[in-house]
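Notes to accompany the following structure.
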Protein chains: 2
Amino acid sequence: MRIDVIPSLSEVRSELLAGRTAIVIDVLRATTTIVSALESGSAGVLAAESVQQAVMLRGKRDVLGGERRCRRIPGFDLGNSPLEYTPEAVGGRRVVLTTTNGTRAMQKAAPADRIVAAALLNGEACARAAAGWKRDVALLCAGTAGAFCFEDGLCAGLVVSALQRLCGGTALVCDLGRSLAACYERHADDPATPLAACDSGRRLSSIGCETDVAFAARVNVSDVVPLLKDGILVPLAPARVHLSS
Amino acid sequence: MRIDVIPSLSEVRSELLAGRTAIVIDVLRATTTIVSALESGSAGVLAAESVQQAVMLRGKRDVLGGERRCRRIPGFDLGNSPLEYTPEAVGGRRVVLTTTNGTRAMQKAAPADRIVAAALLNGEACARAAAGWKRDVALLCAGTAGAFCFEDGLCAGLVVSALQRLCGGTALVCDLGRSLAACYERHADDPATPLAACDSGRRLSSIGCETDVAFAARVNVSDVVPLLKDGILVPLAPARVHLSS
């Protein structure tokens with residue numbers, strides 16, 4: 001199994017995605033929020049590109065969430081804090097979510113065979129699903145403003161490290177993936193500290209969102225694997241992992 | 001002090017270099033060979049872009065060295081193995097060197113205030129020199145075929161990690177630099193193993209150059225800082241480091 005890491009949206013090339021499992025990563029905060037919503041029993045998350053599109057796609061019972069410049073969009077039910085996506089707020093309901101980078105990352109991953117959303121919360125679960133599908137893997141880091149960012153690299157490293165363990169010698173990891181796996185392993189005991197210190201972590205803390213950063217820093221606390229199905233991210237049924245592995 | 005890492009030659013932007021100290025890295029093998037030549041008492045290393053240019057620039061007493069596709073160029077005195085650059089071969093003589101990536105990296109670094117060449121051999125020494133100059137730093141990884149490679153990232157991580165120690169809280173490190181510093185710290189006890197396992201390491205081993213990889217994997221064994229001066233890499237006099245620090 002080949003495992004490649006795409007460091008940011010500006011470096012997406014469709015030949016690295018075609019026929020593969022794409023694992024989209026936007027730790028602060030889109031994919032963390034998506035995992036949080038599905039953990040809270042949301043019926044699914046629809047990632048919309050623009051504010052206008054999100055408003056248009058919203059069904060009667062849907063929850064409308066998202067951010068621009070890290071802040072809640074006026075008129076929306078929720079912002080992009082994973083802590084807002086409680087069972088009370090989203091249980092049994094579909095979420096229409098629009099974020100600066102995360103949504104675009106999902107769309108850029110379109111040439112892939114399957115698309116899942118990973119955060120530190122569910123990195124190991126995503127690796128297990130991808131290992132079961134036995135396809136080559138492309139980890140797509142959303143990054144920030146077209147550039148690599150630490151937190152998405154840390155999560156890519158977590159997934160690569162898990163895939164190496166699960167696939168043993170059959171995992172052929174690109175050089176960036178090797179570097180990021182080592183980075184994750186260096187910080188495995190305490191990912192919260194470097195997450196708070198990196199550019200996005202500091203930016204979020206400076207606008208009062210430090211609890212979001214701490215929430216996002218918890219590793220492998222969720223078994224939810226958000227799988228894109230007919231344009232909506234839904235939880236992969238655990239049974240399917242076992243069937244196909 | 002700002003510290004940025006440029007992951008490969010294809011991502012060089014002059015605004016990340018202008019007015020800064022540029023630290024050029026091509027661990028396998030150009031910058032390792034340059035350090036080796038200067039350690040062996042070479043009078044200086046002139047990095048030539050093409051084979052033709054190297055032949056033209058060669059003075060009567062110069063040693064002509066270099067590679068294409070990892071192999072010695074026909075008619076040249078030496079290849080690109082750092083082990084060939086012994087005191088007997090290069091002591092007191094200038095080396096004209098042409099390599100696939102390393103030479104281009106030196107030229108791409110031209111907008112910088114000062115340009116030095118770093119390998120794992122002399123990473124700490126380069127960090128000390130850069131810390132003394134008190135300019136912002138750009139670490140330019142040569143990479144392979146325009147893409148990031150593990151070994152140059154490992155060396156960038158070594159230098160960033162040393163700069164963070166030397167500059168304390170005044171070092172503002174980009175996110176990629178943070179990731180690579182962690183990668184280096186993860187492998188600090190045994191850099192030879194991941195170096196042999198990465199793409200370039202395996203490629204060199206497959207053509208019988210595994211001793212070069214092992215040679216390049218030794219960390220901080222040299223105090224030589226190759227500084228570009230009038231187009232030639234010469235050892236920075238240790239006294240200057242102390243004067244300016």
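Residue names in the structure tokens use chain letters A, B, ... in the order shown, residue numbers from 1 in each chain, and ligand numbers from 1 in the order shown.
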
Residues within 10 Å of stretch 81-95 of chain A, only C-alpha atoms, excluding chain neighbours under 3 positions, as a ChimeraX atom specification = /A:28-47,54,58-67,70-72,77-78,98,209,211-213,215-216,232-234

Please determine the contact residues of chain A with respect to chain B at a cut-off of 7 Å, counting only C-alpha atoms, and supply them as number ranges by chain.
-> A: 148-150, 175-176, 179-180, 182-183, 185-186, 198-199

Output of the above residues as an mmCIF file, in the first residue's frame, restricted to C-alpha atoms:
data_model
loop_
_atom_site.group_PDB
_atom_site.id
_atom_site.type_symbol
_atom_site.label_atom_id
_atom_site.label_comp_id
_atom_site.auth_asym_id
_atom_site.auth_seq_id
_atom_site.Cartn_x
_atom_site.Cartn_y
_atom_site.Cartn_z
ATOM 1 C CA PHE A 148 1.239 23.582 5.319
ATOM 2 C CA CYS A 149 0.157 23.872 8.935
ATOM 3 C CA PHE A 150 1.483 22.040 11.982
ATOM 4 C CA ASP A 175 9.268 11.013 2.650
ATOM 5 C CA LEU A 176 6.984 13.728 4.036
ATOM 6 C CA SER A 179 8.866 12.971 8.685
ATOM 7 C CA LEU A 180 5.348 13.643 9.988
ATOM 8 C CA ALA A 182 8.230 10.931 13.482
ATOM 9 C CA CYS A 183 6.848 14.343 14.456
ATOM 10 C CA GLU A 185 5.678 10.057 17.679
ATOM 11 C CA ARG A 186 7.804 12.804 19.280
ATOM 12 C CA CYS A 198 1.539 26.412 16.541
ATOM 13 C CA ASP A 199 0.259 29.270 14.360
#

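Secondary structure from DSSP on the backbone puts helix (DSSP H, G or I) at the following positions of stretch 3-59 of chain B: B:Leu9, B:Ser10, B:Glu11, B:Ser14, B:Glu15, B:Leu16, B:Ala30, B:Thr31, B:Thr32, B:Thr33, B:Ile34, B:Val35, B:Ser36, B:Ala37, B:Leu38, B:Glu39, B:Val51, B:Gln52, B:Gln53, B:Ala54, B:Val55, B:Met56, B:Leu57.
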
Could you save the residues just selected, with N, CA, C and O atoms, as a PDB file, in the first residue's frame?
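That gives us out.pdb:
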ATOM      1  N   LEU B   9      13.268  23.010  -3.816  1.00  0.00           N
ATOM      2  CA  LEU B   9      13.641  24.102  -4.729  1.00  0.00           C
ATOM      3  C   LEU B   9      12.434  24.680  -5.445  1.00  0.00           C
ATOM      4  O   LEU B   9      12.418  25.863  -5.796  1.00  0.00           O
ATOM      5  N   SER B  10      11.394  23.859  -5.641  1.00  0.00           N
ATOM      6  CA  SER B  10      10.242  24.362  -6.389  1.00  0.00           C
ATOM      7  C   SER B  10       9.425  25.360  -5.565  1.00  0.00           C
ATOM      8  O   SER B  10       8.534  26.004  -6.094  1.00  0.00           O
ATOM      9  N   GLU B  11       9.732  25.493  -4.277  1.00  0.00           N
ATOM     10  CA  GLU B  11       8.967  26.427  -3.447  1.00  0.00           C
ATOM     11  C   GLU B  11       9.771  27.625  -2.963  1.00  0.00           C
ATOM     12  O   GLU B  11       9.379  28.316  -2.030  1.00  0.00           O
ATOM     13  N   SER B  14      11.718  34.549  -3.311  1.00  0.00           N
ATOM     14  CA  SER B  14      12.846  35.395  -2.928  1.00  0.00           C
ATOM     15  C   SER B  14      12.557  36.193  -1.664  1.00  0.00           C
ATOM     16  O   SER B  14      13.469  36.524  -0.920  1.00  0.00           O
ATOM     17  N   GLU B  15      11.256  36.476  -1.375  1.00  0.00           N
ATOM     18  CA  GLU B  15      10.965  37.252  -0.152  1.00  0.00           C
ATOM     19  C   GLU B  15      11.285  36.461   1.113  1.00  0.00           C
ATOM     20  O   GLU B  15      11.421  37.050   2.188  1.00  0.00           O
ATOM     21  N   LEU B  16      11.395  35.136   0.994  1.00  0.00           N
ATOM     22  CA  LEU B  16      11.788  34.337   2.162  1.00  0.00           C
ATOM     23  C   LEU B  16      13.301  34.308   2.332  1.00  0.00           C
ATOM     24  O   LEU B  16      13.819  33.759   3.304  1.00  0.00           O
ATOM     25  N   ALA B  30      25.360  16.487  -1.728  1.00  0.00           N
ATOM     26  CA  ALA B  30      26.193  17.652  -2.049  1.00  0.00           C
ATOM     27  C   ALA B  30      26.754  18.378  -0.835  1.00  0.00           C
ATOM     28  O   ALA B  30      27.968  18.624  -0.757  1.00  0.00           O
ATOM     29  N   THR B  31      25.887  18.731   0.144  1.00  0.00           N
ATOM     30  CA  THR B  31      26.429  19.534   1.243  1.00  0.00           C
ATOM     31  C   THR B  31      27.287  18.678   2.182  1.00  0.00           C
ATOM     32  O   THR B  31      28.233  19.176   2.791  1.00  0.00           O
ATOM     33  N   THR B  32      26.982  17.384   2.271  1.00  0.00           N
ATOM     34  CA  THR B  32      27.852  16.478   3.038  1.00  0.00           C
ATOM     35  C   THR B  32      29.243  16.422   2.395  1.00  0.00           C
ATOM     36  O   THR B  32      30.271  16.462   3.080  1.00  0.00           O
ATOM     37  N   THR B  33      29.272  16.361   1.080  1.00  0.00           N
ATOM     38  CA  THR B  33      30.545  16.313   0.347  1.00  0.00           C
ATOM     39  C   THR B  33      31.305  17.628   0.503  1.00  0.00           C
ATOM     40  O   THR B  33      32.532  17.626   0.666  1.00  0.00           O
ATOM     41  N   ILE B  34      30.594  18.746   0.482  1.00  0.00           N
ATOM     42  CA  ILE B  34      31.239  20.061   0.644  1.00  0.00           C
ATOM     43  C   ILE B  34      31.903  20.156   2.032  1.00  0.00           C
ATOM     44  O   ILE B  34      33.057  20.567   2.155  1.00  0.00           O
ATOM     45  N   VAL B  35      31.180  19.737   3.066  1.00  0.00           N
ATOM     46  CA  VAL B  35      31.753  19.750   4.420  1.00  0.00           C
ATOM     47  C   VAL B  35      32.965  18.821   4.481  1.00  0.00           C
ATOM     48  O   VAL B  35      34.016  19.171   5.036  1.00  0.00           O
ATOM     49  N   SER B  36      32.833  17.658   3.860  1.00  0.00           N
ATOM     50  CA  SER B  36      33.933  16.688   3.852  1.00  0.00           C
ATOM     51  C   SER B  36      35.170  17.273   3.177  1.00  0.00           C
ATOM     52  O   SER B  36      36.299  17.143   3.685  1.00  0.00           O
ATOM     53  N   ALA B  37      34.980  17.936   2.039  1.00  0.00           N
ATOM     54  CA  ALA B  37      36.111  18.526   1.305  1.00  0.00           C
ATOM     55  C   ALA B  37      36.799  19.601   2.148  1.00  0.00           C
ATOM     56  O   ALA B  37      38.043  19.644   2.228  1.00  0.00           O
ATOM     57  N   LEU B  38      36.014  20.465   2.797  1.00  0.00           N
ATOM     58  CA  LEU B  38      36.620  21.536   3.597  1.00  0.00           C
ATOM     59  C   LEU B  38      37.279  20.958   4.860  1.00  0.00           C
ATOM     60  O   LEU B  38      38.339  21.426   5.285  1.00  0.00           O
ATOM     61  N   GLU B  39      36.681  19.933   5.441  1.00  0.00           N
ATOM     62  CA  GLU B  39      37.308  19.246   6.587  1.00  0.00           C
ATOM     63  C   GLU B  39      38.662  18.658   6.183  1.00  0.00           C
ATOM     64  O   GLU B  39      39.590  18.589   6.987  1.00  0.00           O
ATOM     65  N   VAL B  51      27.908  20.462 -16.237  1.00  0.00           N
ATOM     66  CA  VAL B  51      29.169  19.750 -16.459  1.00  0.00           C
ATOM     67  C   VAL B  51      30.101  20.637 -17.297  1.00  0.00           C
ATOM     68  O   VAL B  51      31.286  20.812 -16.975  1.00  0.00           O
ATOM     69  N   GLN B  52      29.537  21.240 -18.329  1.00  0.00           N
ATOM     70  CA  GLN B  52      30.318  22.110 -19.217  1.00  0.00           C
ATOM     71  C   GLN B  52      30.932  23.285 -18.443  1.00  0.00           C
ATOM     72  O   GLN B  52      32.113  23.599 -18.583  1.00  0.00           O
ATOM     73  N   GLN B  53      30.086  23.916 -17.595  1.00  0.00           N
ATOM     74  CA  GLN B  53      30.563  25.050 -16.802  1.00  0.00           C
ATOM     75  C   GLN B  53      31.667  24.605 -15.833  1.00  0.00           C
ATOM     76  O   GLN B  53      32.665  25.308 -15.659  1.00  0.00           O
ATOM     77  N   ALA B  54      31.506  23.435 -15.249  1.00  0.00           N
ATOM     78  CA  ALA B  54      32.512  22.922 -14.311  1.00  0.00           C
ATOM     79  C   ALA B  54      33.855  22.738 -15.024  1.00  0.00           C
ATOM     80  O   ALA B  54      34.905  23.132 -14.511  1.00  0.00           O
ATOM     81  N   VAL B  55      33.793  22.166 -16.192  1.00  0.00           N
ATOM     82  CA  VAL B  55      35.027  21.920 -16.956  1.00  0.00           C
ATOM     83  C   VAL B  55      35.680  23.245 -17.321  1.00  0.00           C
ATOM     84  O   VAL B  55      36.911  23.415 -17.240  1.00  0.00           O
ATOM     85  N   MET B  56      34.861  24.230 -17.696  1.00  0.00           N
ATOM     86  CA  MET B  56      35.370  25.545 -18.092  1.00  0.00           C
ATOM     87  C   MET B  56      36.008  26.288 -16.919  1.00  0.00           C
ATOM     88  O   MET B  56      37.023  26.970 -17.065  1.00  0.00           O
ATOM     89  N   LEU B  57      35.373  26.166 -15.737  1.00  0.00           N
ATOM     90  CA  LEU B  57      35.836  26.923 -14.559  1.00  0.00           C
ATOM     91  C   LEU B  57      37.054  26.294 -13.894  1.00  0.00           C
ATOM     92  O   LEU B  57      37.728  26.925 -13.088  1.00  0.00           O
TER      93      LEU B  57
END

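Residue nearest A:Lys134, chosen from A:Thr170, A:Ser205, A:Ser161, A:Ser50 and counting only C-alpha atoms: A:Thr170.
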
Near A:Lys108, counting only C-alpha atoms, which residues have an atom at most 8 Å away, once you skip same-chain residues fewer than 3 positions from it, shown as a ChimeraX atom specification?
-> /A:9,12,104-105,111

With N, CA, C and O atoms kept, could you save the residues just selected as a tab-separated table (two decimals), in the first residue's frame?
chain	number	residue	atom	x	y	z
A	9	LEU	N	-3.69	22.39	0.32
A	9	LEU	CA	-4.60	22.36	-0.83
A	9	LEU	C	-3.91	22.81	-2.11
A	9	LEU	O	-4.27	22.38	-3.20
A	12	VAL	N	-2.48	19.83	-4.27
A	12	VAL	CA	-3.29	18.68	-4.69
A	12	VAL	C	-3.04	18.38	-6.16
A	12	VAL	O	-3.05	19.28	-7.00
A	104	ARG	N	-13.40	23.13	1.17
A	104	ARG	CA	-12.65	23.08	-0.09
A	104	ARG	C	-11.80	21.81	-0.17
A	104	ARG	O	-11.64	21.22	-1.24
A	105	ALA	N	-11.27	21.38	0.96
A	105	ALA	CA	-10.46	20.16	0.98
A	105	ALA	C	-11.28	18.95	0.55
A	105	ALA	O	-10.84	18.11	-0.23
A	111	PRO	N	-11.53	13.28	-6.78
A	111	PRO	CA	-11.11	12.16	-7.63
A	111	PRO	C	-10.88	10.84	-6.89
A	111	PRO	O	-10.71	9.80	-7.53
